[in-house]
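Participant: Got upload.csv for you, CSV, C-alpha atoms (C1' of nucleotides):
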```csv
chain,number,residue,atom,x,y,z
X,456,MET,CA,134.7,39.0,121.7
X,457,LEU,CA,137.2,40.6,119.6
X,458,LYS,CA,136.3,43.9,118.1
X,459,LYS,CA,136.4,44.3,114.3
X,460,LYS,CA,139.2,46.5,113.2
X,461,ILE,CA,139.0,49.1,110.6
X,462,ILE,CA,141.8,51.4,109.4
X,463,PHE,CA,141.5,54.7,107.7
X,464,LEU,CA,144.3,56.4,105.7
X,465,VAL,CA,143.4,59.9,104.7
X,466,GLY,CA,145.3,62.9,103.6
X,467,PRO,CA,145.2,65.8,101.1
X,468,THR,CA,145.2,65.3,97.4
X,469,ALA,CA,148.4,64.2,95.7
X,470,ILE,CA,150.2,63.4,99.0
X,471,GLY,CA,150.7,59.8,97.9
X,472,LYS,CA,148.0,57.9,99.7
X,473,SER,CA,147.5,55.2,97.1
X,474,ALA,CA,151.1,53.9,97.0
X,475,ILE,CA,151.5,54.0,100.7
X,476,ALA,CA,148.2,52.2,101.2
X,477,ILE,CA,149.2,49.3,98.9
X,478,HIS,CA,152.4,48.7,100.9
X,479,LEU,CA,150.4,48.9,104.1
X,480,ALA,CA,147.6,46.6,102.9
X,481,LYS,CA,150.1,43.9,102.1
X,482,LYS,CA,151.6,44.0,105.5
X,483,ILE,CA,148.3,43.7,107.4
X,484,ASN,CA,146.2,41.5,105.2
X,485,ALA,CA,143.9,44.2,104.2
X,486,GLU,CA,141.9,45.2,101.2
X,487,ILE,CA,141.4,48.8,100.2
X,488,ILE,CA,138.1,50.5,100.1
X,489,SER,CA,138.4,53.8,98.3
X,490,CYS,CA,137.1,56.8,100.3
X,491,ASP,CA,136.8,59.2,97.5
X,492,SER,CA,133.8,60.9,96.1
X,493,MET,CA,135.1,61.2,92.6
X,494,GLN,CA,137.0,58.0,92.1
X,495,VAL,CA,133.8,56.1,92.4
X,496,TYR,CA,133.2,57.2,88.8
X,497,GLY,CA,134.3,55.1,86.0
X,498,SER,CA,136.0,56.2,82.7
X,499,MET,CA,137.3,59.2,84.6
X,500,ASP,CA,140.6,57.5,85.6
X,501,ILE,CA,142.9,60.4,84.6
X,502,VAL,CA,140.9,63.3,85.9
X,503,THR,CA,140.4,61.6,89.3
X,504,SER,CA,143.9,60.2,89.5
X,505,GLN,CA,142.8,56.7,90.2
X,506,PRO,CA,145.3,54.1,91.3
X,507,SER,CA,146.8,52.5,88.2
X,508,TRP,CA,145.8,49.0,87.1
X,509,PRO,CA,149.2,47.5,88.1
X,510,GLN,CA,148.6,48.9,91.6
X,511,ARG,CA,145.1,47.6,91.7
X,512,LYS,CA,146.4,44.2,90.8
X,513,LYS,CA,148.7,44.1,93.8
X,514,ILE,CA,145.9,44.7,96.3
X,515,LYS,CA,142.1,44.4,95.8
X,516,HIS,CA,140.5,47.9,95.6
X,517,HIS,CA,136.9,48.5,96.2
X,518,LEU,CA,134.6,51.3,95.1
X,519,LEU,CA,136.8,52.5,92.3
X,520,SER,CA,135.1,53.1,88.9
X,521,VAL,CA,131.8,51.6,90.0
X,522,ILE,CA,129.4,54.4,88.8
X,523,ASP,CA,128.7,55.8,85.4
X,524,PRO,CA,129.6,59.5,85.4
X,525,VAL,CA,126.2,60.4,84.1
X,526,LYS,CA,124.7,59.1,87.4
X,527,GLU,CA,124.5,61.0,90.6
X,528,TYR,CA,126.2,59.7,93.7
X,529,ASN,CA,126.3,60.9,97.3
X,530,VAL,CA,127.3,60.2,100.9
X,531,ALA,CA,124.3,58.0,101.7
X,532,ARG,CA,125.0,55.7,98.8
X,533,TYR,CA,128.6,55.6,99.7
X,534,ARG,CA,127.9,54.6,103.2
X,535,LYS,CA,125.7,51.8,102.1
X,536,ASP,CA,128.1,50.5,99.5
X,537,ALA,CA,131.1,50.8,101.7
X,538,MET,CA,129.5,49.1,104.7
X,539,SER,CA,128.4,46.2,102.6
X,540,ILE,CA,131.9,45.7,101.3
X,541,CYS,CA,133.3,46.1,104.8
X,542,ASN,CA,131.1,43.3,106.1
X,543,LYS,CA,132.1,41.0,103.3
X,544,LEU,CA,135.7,41.7,104.1
X,545,PHE,CA,135.2,40.7,107.8
X,546,LEU,CA,133.7,37.4,106.7
X,547,ARG,CA,136.9,36.7,104.8
X,548,ASN,CA,139.1,37.9,107.7
X,549,LYS,CA,140.4,40.8,105.8
X,550,ILE,CA,141.0,44.2,107.4
X,551,PRO,CA,139.1,47.0,105.6
X,552,LEU,CA,141.6,49.8,104.8
X,553,PHE,CA,139.7,52.9,103.8
X,554,VAL,CA,141.9,55.1,101.7
X,555,GLY,CA,140.9,58.5,100.3
X,556,GLY,CA,140.6,62.2,100.8
X,557,THR,CA,136.9,62.8,101.2
X,558,GLY,CA,136.5,64.0,104.7
X,559,LEU,CA,132.7,63.7,104.8
X,560,TYR,CA,132.8,60.2,103.5
X,561,TYR,CA,135.1,58.7,106.1
X,562,SER,CA,133.4,60.5,108.9
X,563,ILE,CA,130.1,59.3,107.8
X,564,ILE,CA,131.4,55.7,107.9
X,565,ILE,CA,132.7,56.2,111.5
X,566,ASP,CA,130.0,58.5,112.9
X,567,GLY,CA,127.0,57.5,110.9
X,568,LEU,CA,124.5,59.4,108.9
X,569,PHE,CA,121.3,60.7,110.4
X,570,PRO,CA,118.3,58.8,109.0
X,571,SER,CA,116.6,61.1,106.6
X,572,VAL,CA,115.1,61.6,103.3
X,573,PRO,CA,117.0,61.6,100.0
X,574,GLU,CA,117.2,64.5,97.7
X,575,ASP,CA,113.7,65.4,96.2
X,576,LYS,CA,114.2,67.0,92.9
X,577,LEU,CA,110.7,68.5,92.8
X,578,ILE,CA,111.0,70.1,96.1
X,579,ARG,CA,114.4,71.4,95.4
X,580,ALA,CA,113.3,72.9,92.1
X,581,ARG,CA,110.6,74.7,94.0
X,582,ILE,CA,113.0,76.1,96.6
X,583,TYR,CA,115.4,77.1,93.9
X,584,LYS,CA,112.7,79.0,92.2
X,585,GLN,CA,112.0,80.9,95.4
X,586,LEU,CA,115.7,81.5,95.7
X,587,SER,CA,115.9,83.2,92.4
X,588,LEU,CA,112.7,85.1,92.9
X,589,LYS,CA,113.1,86.2,96.5
X,590,GLY,CA,116.8,85.7,97.3
X,591,ASN,CA,118.8,83.9,99.8
X,592,LYS,CA,117.9,86.1,102.8
X,593,TYR,CA,114.3,85.2,102.3
X,594,LEU,CA,115.1,81.5,102.4
X,595,HIS,CA,117.2,82.0,105.4
X,596,ARG,CA,114.4,83.7,107.3
X,597,LYS,CA,112.1,81.0,106.3
X,598,LEU,CA,114.4,78.4,107.7
X,599,ALA,CA,114.8,80.5,110.9
X,600,LYS,CA,111.0,80.2,111.5
X,601,VAL,CA,110.9,76.4,111.3
X,602,ASP,CA,114.5,75.6,112.5
X,603,PRO,CA,116.2,78.4,114.4
X,604,LEU,CA,119.1,76.2,115.3
X,605,SER,CA,120.0,75.4,111.8
X,606,ALA,CA,119.4,79.0,110.7
X,607,LYS,CA,121.9,80.1,113.3
X,608,LYS,CA,124.5,77.6,112.2
X,609,ILE,CA,124.1,78.1,108.4
X,610,HIS,CA,125.3,81.3,106.9
X,611,PRO,CA,122.6,83.1,104.7
X,612,ASN,CA,124.9,82.7,101.7
X,613,ASP,CA,125.3,79.0,102.1
X,614,THR,CA,122.2,78.4,100.0
X,615,ARG,CA,122.9,74.7,99.5
X,616,ARG,CA,122.7,73.9,103.1
X,617,ILE,CA,119.7,76.2,103.6
X,618,ILE,CA,117.9,74.4,100.8
X,619,ARG,CA,118.8,71.0,102.1
X,620,ALA,CA,117.5,72.0,105.6
X,621,LEU,CA,114.2,73.3,104.1
X,622,GLU,CA,113.9,70.2,102.0
X,623,VAL,CA,114.2,67.9,105.0
X,624,TYR,CA,111.7,70.0,106.9
X,625,MET,CA,109.2,69.9,104.1
X,626,LYS,CA,109.5,66.2,103.8
X,627,THR,CA,109.5,65.2,107.4
X,628,GLY,CA,108.0,68.1,109.3
X,629,LEU,CA,111.1,68.0,111.5
X,630,PRO,CA,114.0,70.4,111.7
X,631,ILE,CA,117.2,68.9,110.3
X,632,SER,CA,119.1,70.2,113.4
X,633,ILE,CA,117.1,67.7,115.5
X,634,LEU,CA,117.4,64.8,113.1
X,635,GLN,CA,121.1,65.3,112.8
X,636,LYS,CA,121.6,64.5,116.5
X,637,ASN,CA,120.4,61.1,115.7
X,638,ARG,CA,123.2,59.4,114.0
X,639,VAL,CA,124.4,55.8,114.5
X,640,GLY,CA,128.1,55.3,114.0
X,641,LEU,CA,130.3,52.2,114.2
X,642,GLY,CA,130.1,52.2,117.9
X,643,ASN,CA,131.7,49.7,120.3
X,644,GLU,CA,131.6,46.8,118.0
X,645,TYR,CA,134.5,48.2,116.0
X,646,GLU,CA,137.9,49.4,116.7
X,647,ILE,CA,139.2,52.1,114.4
X,648,LYS,CA,142.5,53.8,113.7
X,649,ILE,CA,142.7,56.9,111.5
X,650,PHE,CA,146.0,58.0,110.0
X,651,ALA,CA,146.4,61.2,108.1
X,652,LEU,CA,149.3,61.9,105.9
X,653,ASN,CA,150.8,65.3,105.6
X,654,THR,CA,154.0,67.1,104.6
X,655,ASP,CA,155.0,70.7,104.6
X,656,ARG,CA,152.8,73.0,102.6
X,657,GLN,CA,155.2,73.9,99.9
X,658,ALA,CA,156.2,70.3,99.3
X,659,LEU,CA,152.5,69.4,99.0
X,660,TYR,CA,151.9,72.2,96.5
X,661,ASN,CA,154.9,71.0,94.5
X,662,LYS,CA,153.4,67.5,94.5
X,663,ILE,CA,150.1,68.9,93.3
X,664,ASP,CA,151.7,70.7,90.4
X,665,GLN,CA,153.6,67.6,89.4
X,666,ARG,CA,150.4,65.5,89.5
X,667,VAL,CA,148.6,68.0,87.3
X,668,ASN,CA,151.5,67.9,84.9
X,669,LYS,CA,151.4,64.2,84.9
X,670,MET,CA,147.6,64.2,84.3
X,671,PHE,CA,148.1,66.4,81.2
X,672,SER,CA,150.9,64.2,79.9
X,673,SER,CA,148.8,61.1,80.3
X,674,GLY,CA,146.1,62.5,78.1
X,675,LEU,CA,143.8,64.6,80.3
X,676,ILE,CA,142.6,66.8,77.5
X,677,LYS,CA,141.5,64.0,75.3
X,678,ASP,CA,139.9,62.3,78.3
X,679,VAL,CA,137.9,65.3,79.3
X,680,ARG,CA,136.9,66.0,75.7
X,681,ARG,CA,135.5,62.6,75.5
X,682,LEU,CA,133.7,62.9,78.9
X,683,LEU,CA,132.1,66.1,77.9
X,684,LYS,CA,130.3,64.5,75.0
X,685,HIS,CA,128.0,63.0,77.6
X,686,LYS,CA,125.8,64.8,80.0
X,687,LEU,CA,127.7,64.3,83.2
X,688,SER,CA,125.9,64.2,86.4
X,689,LYS,CA,126.2,67.3,88.6
X,690,THR,CA,128.4,65.4,91.0
X,691,ALA,CA,130.8,64.0,88.4
X,692,THR,CA,131.1,67.4,86.8
X,693,CYS,CA,132.6,68.6,90.1
X,694,ALA,CA,135.8,66.7,89.5
X,695,ILE,CA,138.6,69.2,89.3
X,696,GLY,CA,139.7,69.4,85.7
X,697,ILE,CA,136.3,69.1,84.0
X,698,ARG,CA,135.1,72.7,84.2
X,699,GLU,CA,138.6,74.1,83.8
X,700,LEU,CA,139.1,72.3,80.5
X,701,GLU,CA,135.5,72.9,79.4
X,702,GLY,CA,136.4,76.6,79.7
X,703,TYR,CA,139.3,76.0,77.4
X,704,PHE,CA,137.2,74.1,74.8
X,705,ASN,CA,134.6,76.9,74.8
X,706,GLY,CA,137.3,79.5,74.2
X,707,GLU,CA,136.8,81.2,77.5
X,708,HIS,CA,140.5,80.9,78.4
X,709,SER,CA,143.8,79.4,77.1
X,710,LEU,CA,145.1,76.0,77.8
X,711,ASP,CA,147.7,77.4,80.1
X,712,GLU,CA,145.1,79.2,82.0
X,713,ALA,CA,143.1,75.9,82.3
X,714,LYS,CA,146.1,74.2,83.7
X,715,ARG,CA,146.8,77.0,86.1
X,716,LEU,CA,143.2,76.9,87.3
X,717,ILE,CA,143.4,73.1,87.9
X,718,GLN,CA,146.5,73.7,90.0
X,719,VAL,CA,144.9,76.5,92.0
X,720,ASN,CA,141.7,74.6,92.6
X,721,SER,CA,143.6,71.5,93.6
X,722,ARG,CA,145.5,73.6,96.1
X,723,HIS,CA,142.4,75.1,97.6
X,724,TYR,CA,140.9,71.6,97.8
X,725,ALA,CA,143.9,70.3,99.6
X,726,LYS,CA,143.7,73.2,102.1
X,727,ARG,CA,140.1,72.4,102.8
X,728,GLN,CA,140.9,68.8,103.3
X,729,LEU,CA,143.6,69.6,105.8
X,730,THR,CA,141.1,71.9,107.7
X,731,TRP,CA,138.7,69.0,107.9
X,732,PHE,CA,141.3,66.5,109.2
X,733,ARG,CA,142.8,68.9,111.7
X,734,LYS,CA,139.5,69.1,113.4
X,735,ASP,CA,139.3,65.3,113.9
X,736,LYS,CA,141.2,64.7,117.1
X,737,ARG,CA,141.1,60.9,116.7
X,738,ILE,CA,143.6,61.2,113.8
X,739,GLU,CA,147.2,60.1,114.1
X,740,TRP,CA,149.3,62.4,112.0
X,741,VAL,CA,152.0,60.9,109.8
X,742,ASN,CA,154.3,63.5,108.5
X,743,ILE,CA,156.1,62.4,105.4
X,744,LYS,CA,159.8,63.3,105.5
X,745,LYS,CA,161.7,64.5,102.5
X,746,LYS,CA,162.7,61.7,100.2
X,747,GLU,CA,160.9,59.1,102.3
X,748,THR,CA,159.5,56.3,100.0
X,749,PRO,CA,155.9,55.0,100.2
X,750,GLY,CA,157.3,51.8,101.5
X,751,GLU,CA,159.1,53.5,104.3
X,752,VAL,CA,156.0,55.5,105.3
X,753,ALA,CA,153.9,52.4,105.3
X,754,LYS,CA,156.5,50.7,107.5
X,755,ARG,CA,156.2,53.5,110.0
X,756,ILE,CA,152.5,53.2,110.1
X,757,TYR,CA,152.7,49.5,110.4
X,758,LYS,CA,155.0,49.8,113.4
X,759,PHE,CA,152.6,52.1,115.0
X,760,LEU,CA,149.7,49.7,114.6
X,761,SER,CA,151.4,46.3,114.7
X,762,SER,CA,150.0,45.6,118.2
X,763,PHE,CA,146.6,46.8,117.0
X,764,VAL,CA,146.4,44.3,114.1
X,765,LYS,CA,147.9,41.3,115.8
X,766,GLU,CA,145.6,41.3,118.8
G,421,G,C1',171.3,110.0,74.2
G,422,C,C1',166.4,112.7,74.0
G,423,C,C1',161.0,112.8,75.0
G,424,G,C1',156.9,110.6,77.4
G,425,A,C1',154.6,107.1,80.9
G,426,G,C1',155.4,104.4,85.2
G,427,A,C1',157.7,102.3,89.9
G,428,U,C1',152.1,101.0,95.9
G,429,A,C1',150.6,93.6,98.9
G,430,G,C1',153.1,87.4,96.1
G,431,C,C1',150.7,89.1,91.0
G,432,U,C1',147.5,92.8,88.2
G,433,C,C1',146.3,97.5,89.5
G,434,A,C1',143.0,101.7,92.3
G,435,G,C1',143.4,105.9,95.4
G,436,U,C1',144.7,109.9,98.9
G,437,G,C1',148.7,116.2,101.9
G,438,G,C1',146.8,113.2,107.9
G,439,U,C1',151.4,106.3,107.2
G,440,A,C1',146.8,102.9,102.1
G,441,G,C1',142.8,99.7,99.3
G,442,A,C1',140.4,95.9,95.2
G,443,G,C1',140.5,91.4,92.5
G,444,C,C1',143.4,87.1,92.2
G,445,G,C1',147.0,84.5,95.1
G,446,C,C1',148.1,83.1,100.2
G,447,G,C1',146.5,81.8,105.4
G,448,G,C1',142.6,80.3,108.8
G,449,C,C1',137.7,78.2,109.6
G,450,C,C1',132.7,75.8,108.8
G,451,C,C1',130.7,71.4,106.9
G,452,U,C1',125.3,65.2,107.7
G,453,G,C1',122.0,63.0,100.8
G,454,A,C1',126.4,67.7,95.1
G,455,A,C1',131.6,67.3,99.6
G,456,A,C1',137.3,67.4,94.2
G,457,A,C1',131.0,70.7,96.0
G,458,G,C1',129.3,74.9,98.9
G,459,G,C1',130.0,78.8,102.5
G,460,C,C1',132.6,82.3,106.2
G,461,C,C1',136.8,85.2,108.1
G,462,G,C1',141.8,87.5,107.6
G,463,G,C1',145.8,92.6,104.4
G,464,C,C1',149.8,89.2,104.7
G,465,G,C1',152.9,96.4,103.1
G,466,U,C1',160.3,99.8,104.6
G,467,G,C1',154.3,102.9,99.1
G,468,G,C1',162.0,101.9,94.1
G,469,G,C1',166.7,104.8,96.8
G,470,G,C1',168.2,109.7,98.6
G,471,G,C1',167.2,114.8,99.6
G,472,G,C1',163.7,119.1,100.0
G,473,U,C1',158.8,121.8,101.2
G,474,C,C1',155.2,121.1,105.1
G,475,C,C1',152.9,120.6,111.8
G,476,G,C1',152.6,116.2,108.8
G,477,A,C1',154.5,113.2,102.3
G,478,U,C1',152.7,107.2,99.6
G,479,U,C1',150.6,111.8,97.7
G,480,C,C1',153.9,118.2,96.1
G,481,C,C1',159.3,119.5,94.3
G,482,C,C1',164.5,117.9,93.0
G,483,U,C1',167.7,113.9,92.1
G,484,C,C1',169.4,108.9,91.3
G,485,U,C1',168.1,103.9,89.8
G,486,C,C1',165.1,100.6,87.1
G,487,U,C1',160.9,99.3,83.7
G,488,C,C1',157.9,100.2,79.4
G,489,G,C1',156.7,103.1,75.0
G,490,G,C1',158.3,106.8,71.1
G,491,C,C1',162.4,109.4,68.6
G,492,A,C1',167.3,109.0,67.5
```
For the file at hand, write its structure as structure tokens.
Facilitator:
Amino acid sequence: MLKKKIIFLVGPTAIGKSAIAIHLAKKINAEIISCDSMQVYGSMDIVTSQPSWPQRKKIKHHLLSVIDPVKEYNVARYRKDAMSICNKLFLRNKIPLFVGGTGLYYSIIIDGLFPSVPEDKLIRARIYKQLSLKGNKYLHRKLAKVDPLSAKKIHPNDTRRIIRALEVYMKTGLPISILQKNRVGLGNEYEIKIFALNTDRQALYNKIDQRVNKMFSSGLIKDVRRLLKHKLSKTATCAIGIRELEGYFNGEHSLDEAKRLIQVNSRHYAKRQLTWFRKDKRIEWVNIKKKETPGEVAKRIYKFLSSFVKE
RNA sequence: GCCGAGAUAGCUCAGUGGUAGAGCGCGGCCCUGAAAAGGCCGGCGUGGGGGGUCCGAUUCCCUCUCUCGGCA
């Protein structure tokens, strides 16, 4: 029996994934599933740099603008949503082409998520209270007692992960480090290819600056001002551009400073993305050459996997 | 032109007679229900140029160059 094929196209922010993905999708009869933790949110098109409507008309895109920004979203929901779309695409003989920059999301699709409990707001509130009362070292020691493995792995300052580990332990009575070993990925049924786009660092940073400029000229300020009228979820608020502009609106800093911060934070983000991808040895790296068009890059990738998709 | 202040990391600036730090930036890394988040590590340097004093100068002295104030 033929294995089901799934293709991933990842890369740092602003590298040009969307345009390349559309060219590629056309060549291989694919539909695009966004793999981006922020582009799932609707009415945030400009801050999250979603593919334009003309682009979305060319190739069907999934998981863009599907959640209200006042709602929370997370990996587990993403996996569920994405896998369900994936299966529908298989029924229609379409290849799922995952495109995006969220490292955790694509790896969760491939490698699976350990079965566990969702966030429990009450428990978290209790742990947060302990955190403010007794400090992070206390929580870390507490974790060390019930789950020494995790405590060793998680730095005492990384309170988010300490809290998550404690939460899981409190709900299940089992250490998260044990549960985490139990993940079910795509396995043998599927055949996957992962491509990561990159270019030299300075060129990437120039692209990021350009993108930020473009965001501003397409009405970022107005957009964020409108968004801030609602109580955005803690996840949606994380989109780069929201807090920086909020600081400007509140008079904490100038507009120029807000823009500078958006650029800096985007660079840092891109750097972290690259660190994540580098670690994944399954990735085929595609280095974009100077002046190479999206179509040309897509062609190179297509050549690389033509035997893969024709089998 | 005169007087004063200054010239130290990519930037803003500390500090010291025994060849230097901090914040930001920059680089590297970690990551399983907030992941565009969160966390960890790394100084990346001809101390403006040239002399002098001293065992030893980034630090003290002289001089030149430049920058910023003030007076002309």
Participant: Kindly provide the residues of chain X that approach chain G to within 7 Å, each paired with its closest atom pair and their distance in Å to one decimal, based on all atoms listed in the file, listed by chain and increasing number, as JSON lines.
Facilitator:
```
{"residue": "X:Met493", "atom": "CA", "partner": "G:A456", "partner_atom": "C1'", "distance": 6.8}
{"residue": "X:Asn529", "atom": "CA", "partner": "G:G453", "partner_atom": "C1'", "distance": 5.9}
{"residue": "X:Val530", "atom": "CA", "partner": "G:G453", "partner_atom": "C1'", "distance": 6.0}
{"residue": "X:Ala531", "atom": "CA", "partner": "G:G453", "partner_atom": "C1'", "distance": 5.6}
{"residue": "X:Leu559", "atom": "CA", "partner": "G:A455", "partner_atom": "C1'", "distance": 6.4}
{"residue": "X:Leu568", "atom": "CA", "partner": "G:U452", "partner_atom": "C1'", "distance": 6.0}
{"residue": "X:Phe569", "atom": "CA", "partner": "G:U452", "partner_atom": "C1'", "distance": 6.6}
{"residue": "X:Pro573", "atom": "CA", "partner": "G:G453", "partner_atom": "C1'", "distance": 5.3}
{"residue": "X:Glu574", "atom": "CA", "partner": "G:G453", "partner_atom": "C1'", "distance": 5.9}
{"residue": "X:His610", "atom": "CA", "partner": "G:G459", "partner_atom": "C1'", "distance": 6.9}
{"residue": "X:Asn612", "atom": "CA", "partner": "G:G459", "partner_atom": "C1'", "distance": 6.5}
{"residue": "X:Asp613", "atom": "CA", "partner": "G:G459", "partner_atom": "C1'", "distance": 4.7}
{"residue": "X:Arg615", "atom": "CA", "partner": "G:G458", "partner_atom": "C1'", "distance": 6.4}
{"residue": "X:Gln635", "atom": "CA", "partner": "G:U452", "partner_atom": "C1'", "distance": 6.6}
{"residue": "X:Lys689", "atom": "CA", "partner": "G:A454", "partner_atom": "C1'", "distance": 6.5}
{"residue": "X:Thr690", "atom": "CA", "partner": "G:A454", "partner_atom": "C1'", "distance": 5.1}
{"residue": "X:Cys693", "atom": "CA", "partner": "G:A456", "partner_atom": "C1'", "distance": 6.4}
{"residue": "X:Ala694", "atom": "CA", "partner": "G:A456", "partner_atom": "C1'", "distance": 5.0}
{"residue": "X:Ile695", "atom": "CA", "partner": "G:A456", "partner_atom": "C1'", "distance": 5.4}
{"residue": "X:Tyr724", "atom": "CA", "partner": "G:A456", "partner_atom": "C1'", "distance": 6.6}
```
Participant: My list of candidates is G:G441, G:G421, G:A427, G:A492. Which is closest to G:G469 when distances are computed with only C-alpha atoms (C1' of nucleotides)?
Facilitator: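 Using only C-alpha atoms (C1' of nucleotides), G:G469 sits closest to G:A427.
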Participant: Interatomic distance between atom CA of X:Tyr660 and atom CA of X:Leu479?
Facilitator: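 Between atom CA of X:Tyr660 and atom CA of X:Leu479 the gap works out to 24.6 Å.
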Participant: Using Å and a single decimal, report how far atom CA of X:Val521 sits from atom CA of X:Lys677.
Facilitator: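 Here the two named atoms are 21.5 Å from each other.
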Participant: Residues within 12 Å of X:Phe759, please, as a PyMOL selection string. Count all atoms listed in the file; anything in the same chain fewer than 6 positions from it doesn't count.
Facilitator: chain X and resi 479+648-650+739-741+752-753+765
Participant: Kindly save the residues from that selection, with C-alpha atoms included, as a PDB file, in the coordinates of the input.
Facilitator:
```pdb
ATOM      1  CA  LEU X 479     150.400  48.900 104.100  1.00  0.00           C
ATOM      2  CA  LYS X 648     142.500  53.800 113.700  1.00  0.00           C
ATOM      3  CA  ILE X 649     142.700  56.900 111.500  1.00  0.00           C
ATOM      4  CA  PHE X 650     146.000  58.000 110.000  1.00  0.00           C
ATOM      5  CA  GLU X 739     147.200  60.100 114.100  1.00  0.00           C
ATOM      6  CA  TRP X 740     149.300  62.400 112.000  1.00  0.00           C
ATOM      7  CA  VAL X 741     152.000  60.900 109.800  1.00  0.00           C
ATOM      8  CA  VAL X 752     156.000  55.500 105.300  1.00  0.00           C
ATOM      9  CA  ALA X 753     153.900  52.400 105.300  1.00  0.00           C
ATOM     10  CA  LYS X 765     147.900  41.300 115.800  1.00  0.00           C
TER      11      LYS X 765
END
```
Participant: List every protein, DNA or RNA residue that has at least one atom no more than 12 Å from (151.3, 49.6, 98.3) in the file's coordinates, counting all atoms listed in the file, and write the result as number ranges by chain.
Facilitator: X: 471-487, 506-507, 509-516, 552, 554, 748-754
Participant: Just want the 12 Å neighbourhood of G:G435, counted on only C-alpha atoms (C1' of nucleotides), with same-chain residues fewer than 3 positions away dropped. Output as a JSON list (two decimals) with C-alpha atoms (C1' of nucleotides), in the coordinates of the input.
Facilitator:
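Writing done, so here's part24.json:
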```json
[["chain", "number", "residue", "atom", "x", "y", "z"],
["G", 428, "U", "C1'", 152.10, 101.00, 95.90],
["G", 440, "A", "C1'", 146.80, 102.90, 102.10],
["G", 441, "G", "C1'", 142.80, 99.70, 99.30],
["G", 442, "A", "C1'", 140.40, 95.90, 95.20],
["G", 467, "G", "C1'", 154.30, 102.90, 99.10],
["G", 478, "U", "C1'", 152.70, 107.20, 99.60],
["G", 479, "U", "C1'", 150.60, 111.80, 97.70]]
```
Participant: Once N, CA and C atoms are restored for stretch 496-510 of chain X, what would the output be as a short mmCIF file (atom, residue, chain, number, x, y, z; two decimals), in the frame of the given file?
Facilitator:
```cif
data_model
loop_
_atom_site.label_atom_id
_atom_site.label_comp_id
_atom_site.auth_asym_id
_atom_site.auth_seq_id
_atom_site.Cartn_x
_atom_site.Cartn_y
_atom_site.Cartn_z
N TYR X 496 133.60 57.12 90.22
CA TYR X 496 133.20 57.20 88.80
C TYR X 496 134.10 56.47 87.89
N GLY X 497 133.51 55.79 86.94
CA GLY X 497 134.30 55.10 86.00
C GLY X 497 134.58 55.96 84.75
N SER X 498 135.50 55.52 83.93
CA SER X 498 136.00 56.20 82.70
C SER X 498 136.37 57.68 83.03
N MET X 499 136.81 57.89 84.26
CA MET X 499 137.30 59.20 84.60
C MET X 499 138.69 58.97 85.32
N ASP X 500 139.39 57.94 84.90
CA ASP X 500 140.60 57.50 85.60
C ASP X 500 141.65 58.64 85.69
N ILE X 501 141.81 59.37 84.58
CA ILE X 501 142.90 60.40 84.60
C ILE X 501 142.50 61.60 85.40
N VAL X 502 141.30 62.15 85.15
CA VAL X 502 140.90 63.30 85.90
C VAL X 502 140.89 63.06 87.43
N THR X 503 140.48 61.87 87.82
CA THR X 503 140.40 61.60 89.30
C THR X 503 141.61 60.95 89.82
N SER X 504 142.64 60.80 89.00
CA SER X 504 143.90 60.20 89.50
C SER X 504 143.70 58.89 90.21
N GLN X 505 143.01 57.99 89.59
CA GLN X 505 142.80 56.70 90.20
C GLN X 505 144.08 55.89 90.27
N PRO X 506 144.20 55.01 91.26
CA PRO X 506 145.30 54.10 91.30
C PRO X 506 145.43 53.34 89.96
N SER X 507 146.64 53.10 89.52
CA SER X 507 146.80 52.50 88.20
C SER X 507 146.40 50.99 88.29
N TRP X 508 146.24 50.38 87.12
CA TRP X 508 145.80 49.00 87.10
C TRP X 508 146.90 48.08 87.73
N PRO X 509 148.18 48.28 87.44
CA PRO X 509 149.20 47.50 88.10
C PRO X 509 149.06 47.56 89.66
N GLN X 510 148.77 48.78 90.13
CA GLN X 510 148.60 48.90 91.60
C GLN X 510 147.38 48.18 92.07
#
```
